[in-house]
>>> print(open('work.pdb').read())   # PDB, C-alpha atoms, pLDDT in the B column
ATOM      1  CA  MET A   1     -16.961  -1.284  -7.879  1.00 58.00           C
ATOM      2  CA  LEU A   2     -16.710   0.175  -4.361  1.00 66.00           C
ATOM      3  CA  ASP A   3     -19.893   2.214  -4.711  1.00 75.00           C
ATOM      4  CA  ASP A   4     -21.982  -0.904  -4.057  1.00 83.00           C
ATOM      5  CA  LEU A   5     -20.235  -1.625  -0.739  1.00 85.00           C
ATOM      6  CA  ASN A   6     -20.657  -0.042   2.667  1.00 89.00           C
ATOM      7  CA  THR A   7     -17.658   1.256   4.630  1.00 87.00           C
ATOM      8  CA  ASP A   8     -17.339  -1.902   6.738  1.00 91.00           C
ATOM      9  CA  GLU A   9     -17.317  -4.099   3.619  1.00 91.00           C
ATOM     10  CA  VAL A  10     -14.667  -1.894   2.020  1.00 88.00           C
ATOM     11  CA  ARG A  11     -12.480  -2.215   5.118  1.00 88.00           C
ATOM     12  CA  ARG A  12     -12.855  -6.010   5.005  1.00 90.00           C
ATOM     13  CA  LEU A  13     -11.939  -5.981   1.318  1.00 89.00           C
ATOM     14  CA  ARG A  14      -8.847  -3.903   2.132  1.00 89.00           C
ATOM     15  CA  GLN A  15      -7.795  -6.391   4.825  1.00 90.00           C
ATOM     16  CA  LEU A  16      -8.243  -9.301   2.405  1.00 89.00           C
ATOM     17  CA  ALA A  17      -6.241  -7.530  -0.320  1.00 88.00           C
ATOM     18  CA  ASP A  18      -3.520  -6.595   2.207  1.00 88.00           C
ATOM     19  CA  ASP A  19      -3.302 -10.239   3.346  1.00 88.00           C
ATOM     20  CA  ILE A  20      -3.002 -11.460  -0.263  1.00 85.00           C
ATOM     21  CA  VAL A  21      -0.243  -8.947  -1.029  1.00 85.00           C
ATOM     22  CA  ALA A  22       1.655  -9.923   2.131  1.00 82.00           C
ATOM     23  CA  GLY A  23       1.258 -13.622   1.377  1.00 81.00           C
ATOM     24  CA  THR A  24       2.480 -13.329  -2.202  1.00 79.00           C
ATOM     25  CA  GLU A  25       5.443 -11.002  -1.682  1.00 73.00           C
ATOM     26  CA  ASP A  26       8.049 -13.697  -2.360  1.00 69.00           C
ATOM     27  CA  ARG A  27       5.920 -15.666  -4.837  1.00 64.00           C
ATOM     28  CA  THR A  28       5.126 -13.162  -7.565  1.00 54.00           C
ATOM     29  CA  PHE A  29       6.311 -15.528 -10.304  1.00 59.00           C
ATOM     30  CA  TRP A  30       3.269 -17.805  -9.994  1.00 57.00           C
ATOM     31  CA  ILE A  31       0.605 -15.686  -8.363  1.00 65.00           C
ATOM     32  CA  GLY A  32       1.364 -12.282  -9.873  1.00 70.00           C
ATOM     33  CA  GLY A  33      -2.197 -11.725 -11.111  1.00 80.00           C
ATOM     34  CA  ALA A  34      -3.685 -12.053  -7.636  1.00 81.00           C
ATOM     35  CA  ARG A  35      -1.021  -9.738  -6.234  1.00 82.00           C
ATOM     36  CA  ASP A  36      -1.542  -7.132  -8.968  1.00 85.00           C
ATOM     37  CA  THR A  37      -5.312  -7.202  -8.484  1.00 86.00           C
ATOM     38  CA  SER A  38      -4.917  -6.872  -4.718  1.00 87.00           C
ATOM     39  CA  LEU A  39      -2.581  -3.883  -5.140  1.00 88.00           C
ATOM     40  CA  ALA A  40      -5.162  -2.233  -7.398  1.00 89.00           C
ATOM     41  CA  ILE A  41      -7.849  -2.880  -4.775  1.00 88.00           C
ATOM     42  CA  LEU A  42      -5.645  -1.362  -2.044  1.00 89.00           C
ATOM     43  CA  ARG A  43      -5.119   1.750  -4.169  1.00 89.00           C
ATOM     44  CA  GLN A  44      -8.847   2.122  -4.881  1.00 89.00           C
ATOM     45  CA  VAL A  45      -9.816   1.539  -1.247  1.00 89.00           C
ATOM     46  CA  ALA A  46      -7.249   4.093  -0.082  1.00 88.00           C
ATOM     47  CA  GLU A  47      -8.752   6.656  -2.444  1.00 87.00           C
ATOM     48  CA  TRP A  48     -12.346   5.755  -1.532  1.00 87.00           C
ATOM     49  CA  LEU A  49     -11.887   5.771   2.254  1.00 88.00           C
ATOM     50  CA  GLY A  50      -9.345   8.604   2.265  1.00 89.00           C
ATOM     51  CA  ASP A  51      -7.492   7.152   5.247  1.00 88.00           C
ATOM     52  CA  SER A  52      -4.338   5.796   3.672  1.00 90.00           C
ATOM     53  CA  CYS A  53      -0.953   6.076   5.337  1.00 92.00           C
ATOM     54  CA  GLY A  54       0.382   8.219   2.496  1.00 90.00           C
ATOM     55  CA  GLN A  55       4.006   7.914   3.663  1.00 90.00           C
ATOM     56  CA  ARG A  56       6.545   8.028   0.847  1.00 87.00           C
ATOM     57  CA  ARG A  57       9.790   6.080   0.704  1.00 84.00           C
ATOM     58  CA  PHE A  58      12.878   8.117   1.504  1.00 77.00           C
ATOM     59  CA  ASP A  59      16.332   7.311   0.112  1.00 74.00           C
ATOM     60  CA  ARG A  60      19.101   8.929   2.155  1.00 68.00           C
ATOM     61  CA  ASP A  61      21.446   8.737  -0.832  1.00 72.00           C
ATOM     62  CA  ARG A  62      19.113  10.732  -3.101  1.00 69.00           C
ATOM     63  CA  PRO A  63      18.000  14.117  -1.774  1.00 64.00           C
ATOM     64  CA  GLY A  64      14.526  14.979  -2.996  1.00 61.00           C
ATOM     65  CA  SER A  65      13.668  11.308  -3.516  1.00 57.00           C
ATOM     66  CA  LEU A  66      10.812  11.561  -1.021  1.00 55.00           C
ATOM     67  CA  TYR A  67       8.648  13.122  -3.725  1.00 61.00           C
ATOM     68  CA  ALA A  68       9.752  10.747  -6.466  1.00 69.00           C
ATOM     69  CA  HIS A  69       8.091   7.680  -4.909  1.00 82.00           C
ATOM     70  CA  LEU A  70       4.452   6.641  -4.743  1.00 88.00           C
ATOM     71  CA  PRO A  71       2.717   6.932  -1.351  1.00 91.00           C
ATOM     72  CA  CYS A  72       1.873   3.996   0.895  1.00 93.00           C
ATOM     73  CA  VAL A  73      -1.618   2.609   0.205  1.00 92.00           C
ATOM     74  CA  ARG A  74      -1.999   0.796   3.523  1.00 91.00           C
ATOM     75  CA  PRO A  75      -4.256   2.393   6.175  1.00 91.00           C
ATOM     76  CA  ALA A  76      -2.897   5.096   8.471  1.00 90.00           C
ATOM     77  CA  GLY A  77      -1.261   3.662  11.580  1.00 89.00           C
ATOM     78  CA  HIS A  78      -0.703   0.238   9.996  1.00 90.00           C
ATOM     79  CA  PRO A  79       1.834  -2.173  11.487  1.00 88.00           C
ATOM     80  CA  GLY A  80       4.847  -3.382   9.533  1.00 88.00           C
ATOM     81  CA  GLN A  81       6.242  -2.200   6.250  1.00 90.00           C
ATOM     82  CA  HIS A  82       4.843   0.469   3.970  1.00 92.00           C
ATOM     83  CA  LEU A  83       3.547  -0.604   0.539  1.00 91.00           C
ATOM     84  CA  ASP A  84       2.966   1.429  -2.620  1.00 91.00           C
ATOM     85  CA  ALA A  85       0.598   0.748  -5.517  1.00 88.00           C
ATOM     86  CA  LEU A  86       3.411  -0.924  -7.484  1.00 87.00           C
ATOM     87  CA  GLY A  87       4.001  -3.471  -4.727  1.00 87.00           C
ATOM     88  CA  GLN A  88       7.255  -1.980  -3.479  1.00 88.00           C
ATOM     89  CA  SER A  89       7.583  -2.206   0.286  1.00 89.00           C
ATOM     90  CA  TRP A  90       9.942  -0.446   2.669  1.00 89.00           C
ATOM     91  CA  GLU A  91      10.699   0.382   6.277  1.00 87.00           C
ATOM     92  CA  GLN A  92      10.570   4.085   6.990  1.00 73.00           C
ATOM     93  CA  PRO A  93      13.554   5.518   8.874  1.00 65.00           C
ATOM     94  CA  ALA A  94      12.783   7.088  12.257  1.00 59.00           C
ATOM     95  CA  GLU A  95      13.862  10.523  11.055  1.00 58.00           C
ATOM     96  CA  VAL A  96      12.798  11.706   7.594  1.00 52.00           C
ATOM     97  CA  PRO A  97      14.138  15.116   6.506  1.00 52.00           C
ATOM     98  CA  ARG A  98      11.569  17.594   5.282  1.00 50.00           C
TER      99      ARG A  98
END
>>> encode(input="work.pdb", output="structure tokens")
Amino acid sequence: MLDDLNTDEVRRLRQLADDIVAGTEDRTFWIGGARDTSLAILRQVAEWLGDSCGQRRFDRDRPGSLYAHLPCVRPAGHPGQHLDALGQSWEQPAEVPR
């Protein structure tokens, strides 16, 4: 699908998909298909462009949990919450243990 698009078009597609995901976060019961499709697009764009954030959710209560979660599919340096390919979003703590 992405092979027919240039880099600028892929970035526009990512922005559209990101906007749809953000706009449907609290309304998944009636627009779940659009949200799921947009999450799949975000994942594919992140792989194609290779510039995803990649941050993983960290749970302070579960050591080692950093590697148990999917990475953020939004672009590196994005504003706001992180988002994984399953639609789970989170705020990253300022200090993440390594």
>>> atom_distance(input="work.pdb", atom1="atom CA of A:Gly32", atom2="atom CA of A:Arg74")
19.0 Å
>>> closest_residue(input="work.pdb", among="A:Ala76, A:Leu86, A:Val10, A:Leu70", to="A:Trp48", atoms="only C-alpha atoms")
A:Val10
>>> resolve_selection(input="work.pdb", expression="the PyMOL selection byres ((chain A and resi 44) around 10)", output="list of chain:residue names")
A:Met1, A:Leu2, A:Val10, A:Arg14, A:Ser38, A:Leu39, A:Ala40, A:Ile41, A:Leu42, A:Arg43, A:Val45, A:Ala46, A:Glu47, A:Trp48, A:Leu49, A:Gly50, A:Val73, A:Ala85
>>> write_last_selection(input="work.pdb", atoms="C-alpha atoms", output="tab-separated table (two decimals), in the frame of the given file")
chain	number	residue	atom	x	y	z
A	1	MET	CA	-16.96	-1.28	-7.88
A	2	LEU	CA	-16.71	0.18	-4.36
A	10	VAL	CA	-14.67	-1.89	2.02
A	14	ARG	CA	-8.85	-3.90	2.13
A	38	SER	CA	-4.92	-6.87	-4.72
A	39	LEU	CA	-2.58	-3.88	-5.14
A	40	ALA	CA	-5.16	-2.23	-7.40
A	41	ILE	CA	-7.85	-2.88	-4.78
A	42	LEU	CA	-5.64	-1.36	-2.04
A	43	ARG	CA	-5.12	1.75	-4.17
A	45	VAL	CA	-9.82	1.54	-1.25
A	46	ALA	CA	-7.25	4.09	-0.08
A	47	GLU	CA	-8.75	6.66	-2.44
A	48	TRP	CA	-12.35	5.76	-1.53
A	49	LEU	CA	-11.89	5.77	2.25
A	50	GLY	CA	-9.35	8.60	2.26
A	73	VAL	CA	-1.62	2.61	0.20
A	85	ALA	CA	0.60	0.75	-5.52
>>> residues_near_point(input="work.pdb", point="(12.8, 4.0, 5.8)", cutoff="7 Å", atoms="all atoms listed in the file", output="list of chain:residue names")
A:Arg57, A:Phe58, A:Trp90, A:Glu91, A:Gln92, A:Pro93
>>> axis_aligned_box(input="work.pdb", around="stretch 4-7 of chain A", padding_each_side="6 Å", output="AutoDock Vina command-line options")
--center_x -19.8 --center_y -0.2 --center_z 0.3 --size_x 16.3 --size_y 14.9 --size_z 20.7
>>> closest_residue(input="work.pdb", among="A:Cys53, A:Glu25, A:Arg12, A:Gly33", to="A:His82", atoms="all atoms listed in the file")
A:Cys53
>>> atom_distance(input="work.pdb", atom1="atom CA of A:Thr24", atom2="atom CA of A:Asp51")
24.0 Å
>>> atom_distance(input="work.pdb", atom1="atom CA of A:Gln81", atom2="atom CA of A:Ala22")
9.9 Å
>>> closest_residue(input="work.pdb", among="A:Val21, A:Leu5, A:Ala34, A:Asp61", to="A:Leu83", atoms="only C-alpha atoms")
A:Val21
